[in-house]
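These notes concern the structure reproduced below.
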Amino acid sequence: MAGLACGEPSVVAWQELDHGAAAFMAIPDEGAVACMRLLAKQGIVAVSRAWRGLAGCLLAEGDLAARETLGLDGASRILAFSTEGATDPVVYDDS
């Protein structure tokens, strides 16, 4: 996910995240691509990096410790934002 690759975090952004975030997780490329494909079946077009947050929630669904850390249960509601569509149709079609 080249659009999200960075060698080191922004110091300013990290300070804000450190104060306001309760948990962090890494999303493997395969998880993001699987989420993109799942949404494509529903007619939602967006590159895999646009759905990292939703991909993380789907991965957490299968991990009891992650669900507990995030406080997710059957009554949870999740709001996810997609930040971009298929900006490179060739790559999107190949994924």
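Each chain in the structure tokens gets a letter, A, B, ..., in the order shown, and its residues are numbered from 1; ligands are numbered from 1 in order too.
DSSP on the backbone gives alpha helix (DSSP H) for these parts of stretch 4-51 of chain A: Val11, Val12, Ala13, Trp14, Gln15, Glu16, Leu17, Asp18, His19, Gly20, Asp29, Glu30, Gly31, Ala32, Val33, Ala34, Cys35, Met36, Arg37, Leu38, Leu39 and Ala40 of chain A.
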What's around stretch 20-29 of chain A at 10 Å? Count only C-alpha atoms, leave out sequence neighbours fewer than 2 positions away in its own chain, and write the answer as a ChimeraX atom specification.
/A:1,14-18,31-35,48-49,52-57,59-60,66,69-70
